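**Student:** Got a structure here, written out as structure tokens. Questions coming.
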Number of protein chains: 4
Amino acid sequence: MARSTAPTASGTGAPAVGAQGRPLRKDAQRTRALVLDTARTLFAEHGIDVSFDEIARAAGVGVGTVYRRFPDRESLIDALFADKIEKLLALVEQAEQVSDPWGAVVAFVQSGAEQMRKDRALAEVVMCASNAQAVIEHRRDEITDAVTRLLRRAQDSGAVRCGVEATDLAFFSHVVSVVGVHSGPEAAQRYVTMVLDAIRARPDSADLPGHALSVEDLQEILQRV
Amino acid sequence: MARSTAPTASGTGAPAVGAQGRPLRKDAQRTRALVLDTARTLFAEHGIDVSFDEIARAAGVGVGTVYRRFPDRESLIDALFADKIEKLLALVEQAEQVSDPWGAVVAFVQSGAEQMRKDRALAEVVMCASNAQAVIEHRRDEITDAVTRLLRRAQDSGAVRCGVEATDLAFFSHVVSVVGVHSGPEAAQRYVTMVLDAIRARPDSADLPGHALSVEDLQEILQRV
Amino acid sequence: MARSTAPTASGTGAPAVGAQGRPLRKDAQRTRALVLDTARTLFAEHGIDVSFDEIARAAGVGVGTVYRRFPDRESLIDALFADKIEKLLALVEQAEQVSDPWGAVVAFVQSGAEQMRKDRALAEVVMCASNAQAVIEHRRDEITDAVTRLLRRAQDSGAVRCGVEATDLAFFSHVVSVVGVHSGPEAAQRYVTMVLDAIRARPDSADLPGHALSVEDLQEILQRV
Amino acid sequence: MARSTAPTASGTGAPAVGAQGRPLRKDAQRTRALVLDTARTLFAEHGIDVSFDEIARAAGVGVGTVYRRFPDRESLIDALFADKIEKLLALVEQAEQVSDPWGAVVAFVQSGAEQMRKDRALAEVVMCASNAQAVIEHRRDEITDAVTRLLRRAQDSGAVRCGVEATDLAFFSHVVSVVGVHSGPEAAQRYVTMVLDAIRARPDSADLPGHALSVEDLQEILQRV
DNA sequence: CATGAATGAGGTTTCATTCAT
DNA sequence: AATGAATGAAACCTCATTCAT
């Protein structure tokens, strides 16, 4: 259950592969990691509107090099996302260890928001990745599954209201994390408290109207939230 | 209590004034309204990153004309905002008419989200306006005051949990509206349901940690949400 | 010999005439003068690159009004020029009163440079006027004639070297005035001293090669100097 | 004493260096030279108010390319200036070879004016360069020193009047060159003749009042002359 | 007449992207 | 592979000028 590969400094959990699927040469690996780290930092500092030129300059490489690794902005974001998603997955899996069903949900929401708060780019990027590589798709599904398990267990135990789905949780976590990024952990905690009440089962809990968001909808929404 | 001037098609509640404070000439009024409407539409369709050139083209006027009325993006946003804020104020004031304290809160959250859903730019812009003109500042305060009254009444009646403030409501309303804009009224309703449970008083409601966001914080956060 | 019409506040020596040749209405006169004064001031303060809009705003009239009086930049410059040229003419005529021939030349160069120094726009504008209205052409000829008389007298008395013409003097005066404008009267005086030696007759004065500049050449050159 | 590096066609005496101080790539060198040559030509033909777009078009490159090499107008002017200043330095050094002290001064004024006449931009730009790079500052000082030596020698020999300084000569040379540019060598010669009489020592030469212009003043003045 | 609104060409500048070195 | 030069579209903004009010 525990993740096997520790995140590297570059933030890519596994050796990146080139166009031919062959693993990149060692120096290429290093360059890739360097660009990625630089991009992460710049995104965190100046938001997502950083030019490739700027990234290249900061990384001390040519723009061409950046383009060689990441043909467009999307793919760079994707790469960053790959890293983030691993972190998120780790969080759910940790939460699953908690034996109390409701406690597990609380743990996930809390740690998720806190993690995103500390890593601003995580909050910014996590759901923005395009519907890209299969690897990522797969990881995303793993997370969704894990969160769903978390919820089912808590719903079965009568702690979480019926109808709450993984995307609901993801949505609220993201939203709370934005507050946390801006105003610190206490503010985040305030909203975590409320959000937990929003999903908790009550004797008189109303049925949730409509349907839960699809993963795709969620992604698009989080880009605009 | 009811507003006296109905919003015009142009979205400006009152005749706009030029630099000298004199009301604009009739034709200028028309152009201004035209530009404003066009900008509103484009913003709604393509987000806030629309170029002045594009706005001008879509409005069928020269860029210079746009610049004449709105020397920079800020001032255009402000103008749109002025409109939105009037609408919002109207909503709170309507909600205040509801005699049941909790019903009033529900009415406000529901109608706020619905309103924002129908007018995408309202959701995008409403709190983003720079801390600009005194008029706007004043209107903003009026809204905050009205929402606070709404909440106090509901708290006194035991319907809303202690510690919930106007900014909490504003935050959730905005967040819900984003969902509504993307996925329609049913999805919004789903989250409205949860959010109302988040602020409702329960026998075992935990105290809210931290402090409510200041209006300034809220603004900044909503820009990033 | 002395000028008969004192310069008005507006700087136009004579009632301006409109397109039909009829003298302008009184209020039009006032507007015209106002614009002229404003333009003069702005030119003096910010150089010659001032927009018509700016002039209009500073004068408190509409751009259209400025355009009505001065269809283009040229004609505004011309109008200012008309004023300046009167001043210049006054200077030559005063110099002509000096009985000592050389002294008269000295007086003209000195006072010309000093005058231009004090009125920055005079220096900037004096020769830049397009080959415009006949009135101005005439005035210019009067000046040229007067300076020529000044020089002839001094040449006859053996004080000024042969070949020196009115345009030579005008050229040097302008050039010196630029220094004066920038660095003050002492600096101007330094160059006046040298310039006077440049045109003074010496036993061994070499013949001046080439021909004196035509008035037209001079104008063009002074625009570039 | 003679300069070791001949000015290249591109007008840059030495290989230009990029931001990192590394010499530019060969193709960049070529482009840079091309842009520089084009700019020189256009400046010569139409004065200094030529748009970067126009330069780019004339050079057959994209605007971006011009901006890459010269982030702003200043830096382009500086680059042109670097070239000019080398030419000027060469002139003084040649003049210093003349054994007759007065003849050396004459040679410098003559050749300076002639040089500037043939290269209109030299006249326009030579002193206008911003107080930029140290290299240029240094070259400028070398010129000033050389001219000063020229003058001292001539003053010691009694040919040049006391008090005349390098900036005086520079000023007059520039002024004469403007005439030359417009009206040809004969006209320039006419003024050279007079200017030389302006600085020549006479038994009765008056003391020059005030102080010579500083190099900084001179620069500013020449921009306006 | 006076006004200032409207126009759009043209300047400046940035940046994603391609491609020769 | 890595580089960074070159490109040009597109943003931004200003201003001379015309014309409806």
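Chain labels follow the order of the structure tokens: the first chain is A, the next B, and so on; residue numbering restarts at 1 in every chain, and ligands are counted from 1 in their shown order.
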Apply DSSP to the structure's backbone, then extract all residues of segment 16-116 of chain A labelled alpha helix (DSSP H) and return them as a PyMOL selection string.

**Tutor:** chain A and resi 26-46+52-59+63-69+73-97+101-116

**Student:** Could you dump the residues just selected with C-alpha atoms as a compact mmCIF listing (two decimals), in the first residue's frame?

**Tutor:**
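Saved the output as part-v4.txt:
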```
# COMPACT_ATOMS: atom_id res chain seq x y z
CA LYS A 26 21.39 10.74 -17.49
CA ASP A 27 22.19 14.36 -18.33
CA ALA A 28 18.85 14.78 -20.01
CA GLN A 29 17.26 13.53 -16.82
CA ARG A 30 19.13 16.13 -14.88
CA THR A 31 18.09 18.90 -17.24
CA ARG A 32 14.50 17.79 -17.12
CA ALA A 33 14.51 17.76 -13.35
CA LEU A 34 16.19 21.14 -13.25
CA VAL A 35 13.60 22.71 -15.52
CA LEU A 36 10.81 21.15 -13.54
CA ASP A 37 12.14 22.41 -10.23
CA THR A 38 12.65 25.86 -11.65
CA ALA A 39 9.18 25.96 -13.12
CA ARG A 40 7.69 24.85 -9.84
CA THR A 41 9.46 27.62 -8.00
CA LEU A 42 8.58 30.31 -10.50
CA PHE A 43 4.96 29.21 -10.66
CA ALA A 44 4.80 29.32 -6.89
CA GLU A 45 6.29 32.80 -6.78
CA HIS A 46 4.68 34.52 -9.72
CA PHE A 52 9.14 29.79 -21.11
CA ASP A 53 11.98 32.20 -21.71
CA GLU A 54 11.93 33.13 -18.08
CA ILE A 55 11.91 29.53 -16.94
CA ALA A 56 14.77 28.76 -19.26
CA ARG A 57 16.78 31.70 -18.05
CA ALA A 58 16.18 30.87 -14.41
CA ALA A 59 17.11 27.27 -15.02
CA VAL A 63 14.51 27.87 -24.32
CA GLY A 64 15.00 25.22 -26.91
CA THR A 65 15.93 22.80 -24.21
CA VAL A 66 12.77 23.47 -22.33
CA TYR A 67 10.78 22.95 -25.50
CA ARG A 68 12.59 19.73 -26.21
CA ARG A 69 11.40 18.31 -22.90
CA ARG A 73 2.87 24.57 -21.47
CA GLU A 74 0.34 21.79 -21.01
CA SER A 75 2.95 19.11 -20.88
CA LEU A 76 5.00 20.99 -18.35
CA ILE A 77 1.98 21.44 -16.16
CA ASP A 78 1.25 17.77 -16.60
CA ALA A 79 4.70 16.86 -15.43
CA LEU A 80 4.34 19.00 -12.35
CA PHE A 81 0.97 17.47 -11.82
CA ALA A 82 2.39 13.99 -11.93
CA ASP A 83 4.41 14.87 -8.91
CA LYS A 84 1.54 16.41 -7.04
CA ILE A 85 -0.77 13.56 -7.69
CA GLU A 86 1.68 11.19 -6.13
CA LYS A 87 1.64 13.29 -3.00
CA LEU A 88 -2.11 13.32 -2.95
CA LEU A 89 -2.29 9.60 -3.38
CA ALA A 90 0.04 9.22 -0.46
CA LEU A 91 -2.32 11.28 1.64
CA VAL A 92 -5.40 9.20 0.89
CA GLU A 93 -3.50 6.05 1.51
CA GLN A 94 -2.35 7.36 4.86
CA ALA A 95 -5.89 8.34 5.72
CA GLU A 96 -7.05 4.85 4.88
CA GLN A 97 -4.84 3.58 7.70
CA PRO A 101 -14.17 5.65 9.48
CA TRP A 102 -15.09 9.27 10.18
CA GLY A 103 -11.64 9.95 11.56
CA ALA A 104 -10.22 8.74 8.27
CA VAL A 105 -12.30 11.22 6.32
CA VAL A 106 -11.33 14.01 8.68
CA ALA A 107 -7.71 13.03 8.37
CA PHE A 108 -7.86 13.19 4.61
CA VAL A 109 -9.58 16.54 4.43
CA GLN A 110 -7.31 18.02 7.05
CA SER A 111 -4.06 16.74 5.66
CA GLY A 112 -5.11 17.44 2.10
CA ALA A 113 -5.85 21.05 2.84
CA GLU A 114 -2.71 21.41 4.90
CA GLN A 115 -0.55 19.83 2.23
CA MET A 116 -1.96 22.05 -0.44
```

**Student:** With a cut-off of 12 Å and counting only C-alpha atoms (C1' of nucleotides), select all residues of chain F in contact with chain B and give the selection as a PyMOL selection string.

**Tutor:** chain F and resi 10-15+20-21

**Student:** Do me a favour and pick out the residues of chain C within 8 Å of chain D, using only C-alpha atoms, as an MDAnalysis selection string.

**Tutor:** chainID C and resid 175 178:179 182:183 186:187 189:190 193:199 206 208:213 217 221 224:225

**Student:** Selection from above, C-alpha atoms, as a PDB file, in the first residue's frame, can you write it?

**Tutor:**
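This went into again_5.pdb:
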```pdb
ATOM      1  CA  VAL C 175      23.193  78.702 -31.993  1.00  0.00           C
ATOM      2  CA  VAL C 178      20.612  77.441 -27.493  1.00  0.00           C
ATOM      3  CA  VAL C 179      23.615  77.488 -25.223  1.00  0.00           C
ATOM      4  CA  HIS C 182      20.652  75.572 -21.391  1.00  0.00           C
ATOM      5  CA  SER C 183      23.498  77.051 -19.434  1.00  0.00           C
ATOM      6  CA  GLU C 186      27.298  83.706 -18.876  1.00  0.00           C
ATOM      7  CA  ALA C 187      27.689  80.725 -21.149  1.00  0.00           C
ATOM      8  CA  GLN C 189      28.154  85.547 -23.374  1.00  0.00           C
ATOM      9  CA  ARG C 190      31.185  83.326 -23.789  1.00  0.00           C
ATOM     10  CA  THR C 193      32.373  86.877 -27.564  1.00  0.00           C
ATOM     11  CA  MET C 194      33.741  84.264 -29.897  1.00  0.00           C
ATOM     12  CA  VAL C 195      31.103  84.758 -32.525  1.00  0.00           C
ATOM     13  CA  LEU C 196      31.787  88.459 -32.665  1.00  0.00           C
ATOM     14  CA  ASP C 197      35.429  87.667 -33.310  1.00  0.00           C
ATOM     15  CA  ALA C 198      34.301  85.327 -36.035  1.00  0.00           C
ATOM     16  CA  ILE C 199      32.656  88.092 -38.009  1.00  0.00           C
ATOM     17  CA  ALA C 206      40.490  85.444 -45.084  1.00  0.00           C
ATOM     18  CA  LEU C 208      34.761  83.696 -46.817  1.00  0.00           C
ATOM     19  CA  PRO C 209      34.416  80.788 -49.228  1.00  0.00           C
ATOM     20  CA  GLY C 210      31.088  79.739 -50.658  1.00  0.00           C
ATOM     21  CA  HIS C 211      27.943  81.767 -50.420  1.00  0.00           C
ATOM     22  CA  ALA C 212      25.833  82.866 -47.535  1.00  0.00           C
ATOM     23  CA  LEU C 213      22.874  80.636 -46.766  1.00  0.00           C
ATOM     24  CA  ASP C 217      18.261  77.054 -46.182  1.00  0.00           C
ATOM     25  CA  ILE C 221      19.028  74.144 -40.954  1.00  0.00           C
ATOM     26  CA  ARG C 224      17.807  70.567 -37.357  1.00  0.00           C
ATOM     27  CA  VAL C 225      20.341  72.455 -35.323  1.00  0.00           C
TER      28      VAL C 225
END
```

**Student:** Provide the atom CA of Leu150 of chain B to atom CA of Val98 of chain B distance in Å, to one decimal place.

**Tutor:** 9.9 Å

**Student:** Taking only C-alpha atoms (C1' of nucleotides) into account, report as a list in words which residues of chain E lie within 12 Å of chain A.

**Tutor:**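 Listing them in order of chain and number gives DT14, DC15, DA16, DT17, DT18 and DC19 of chain E.
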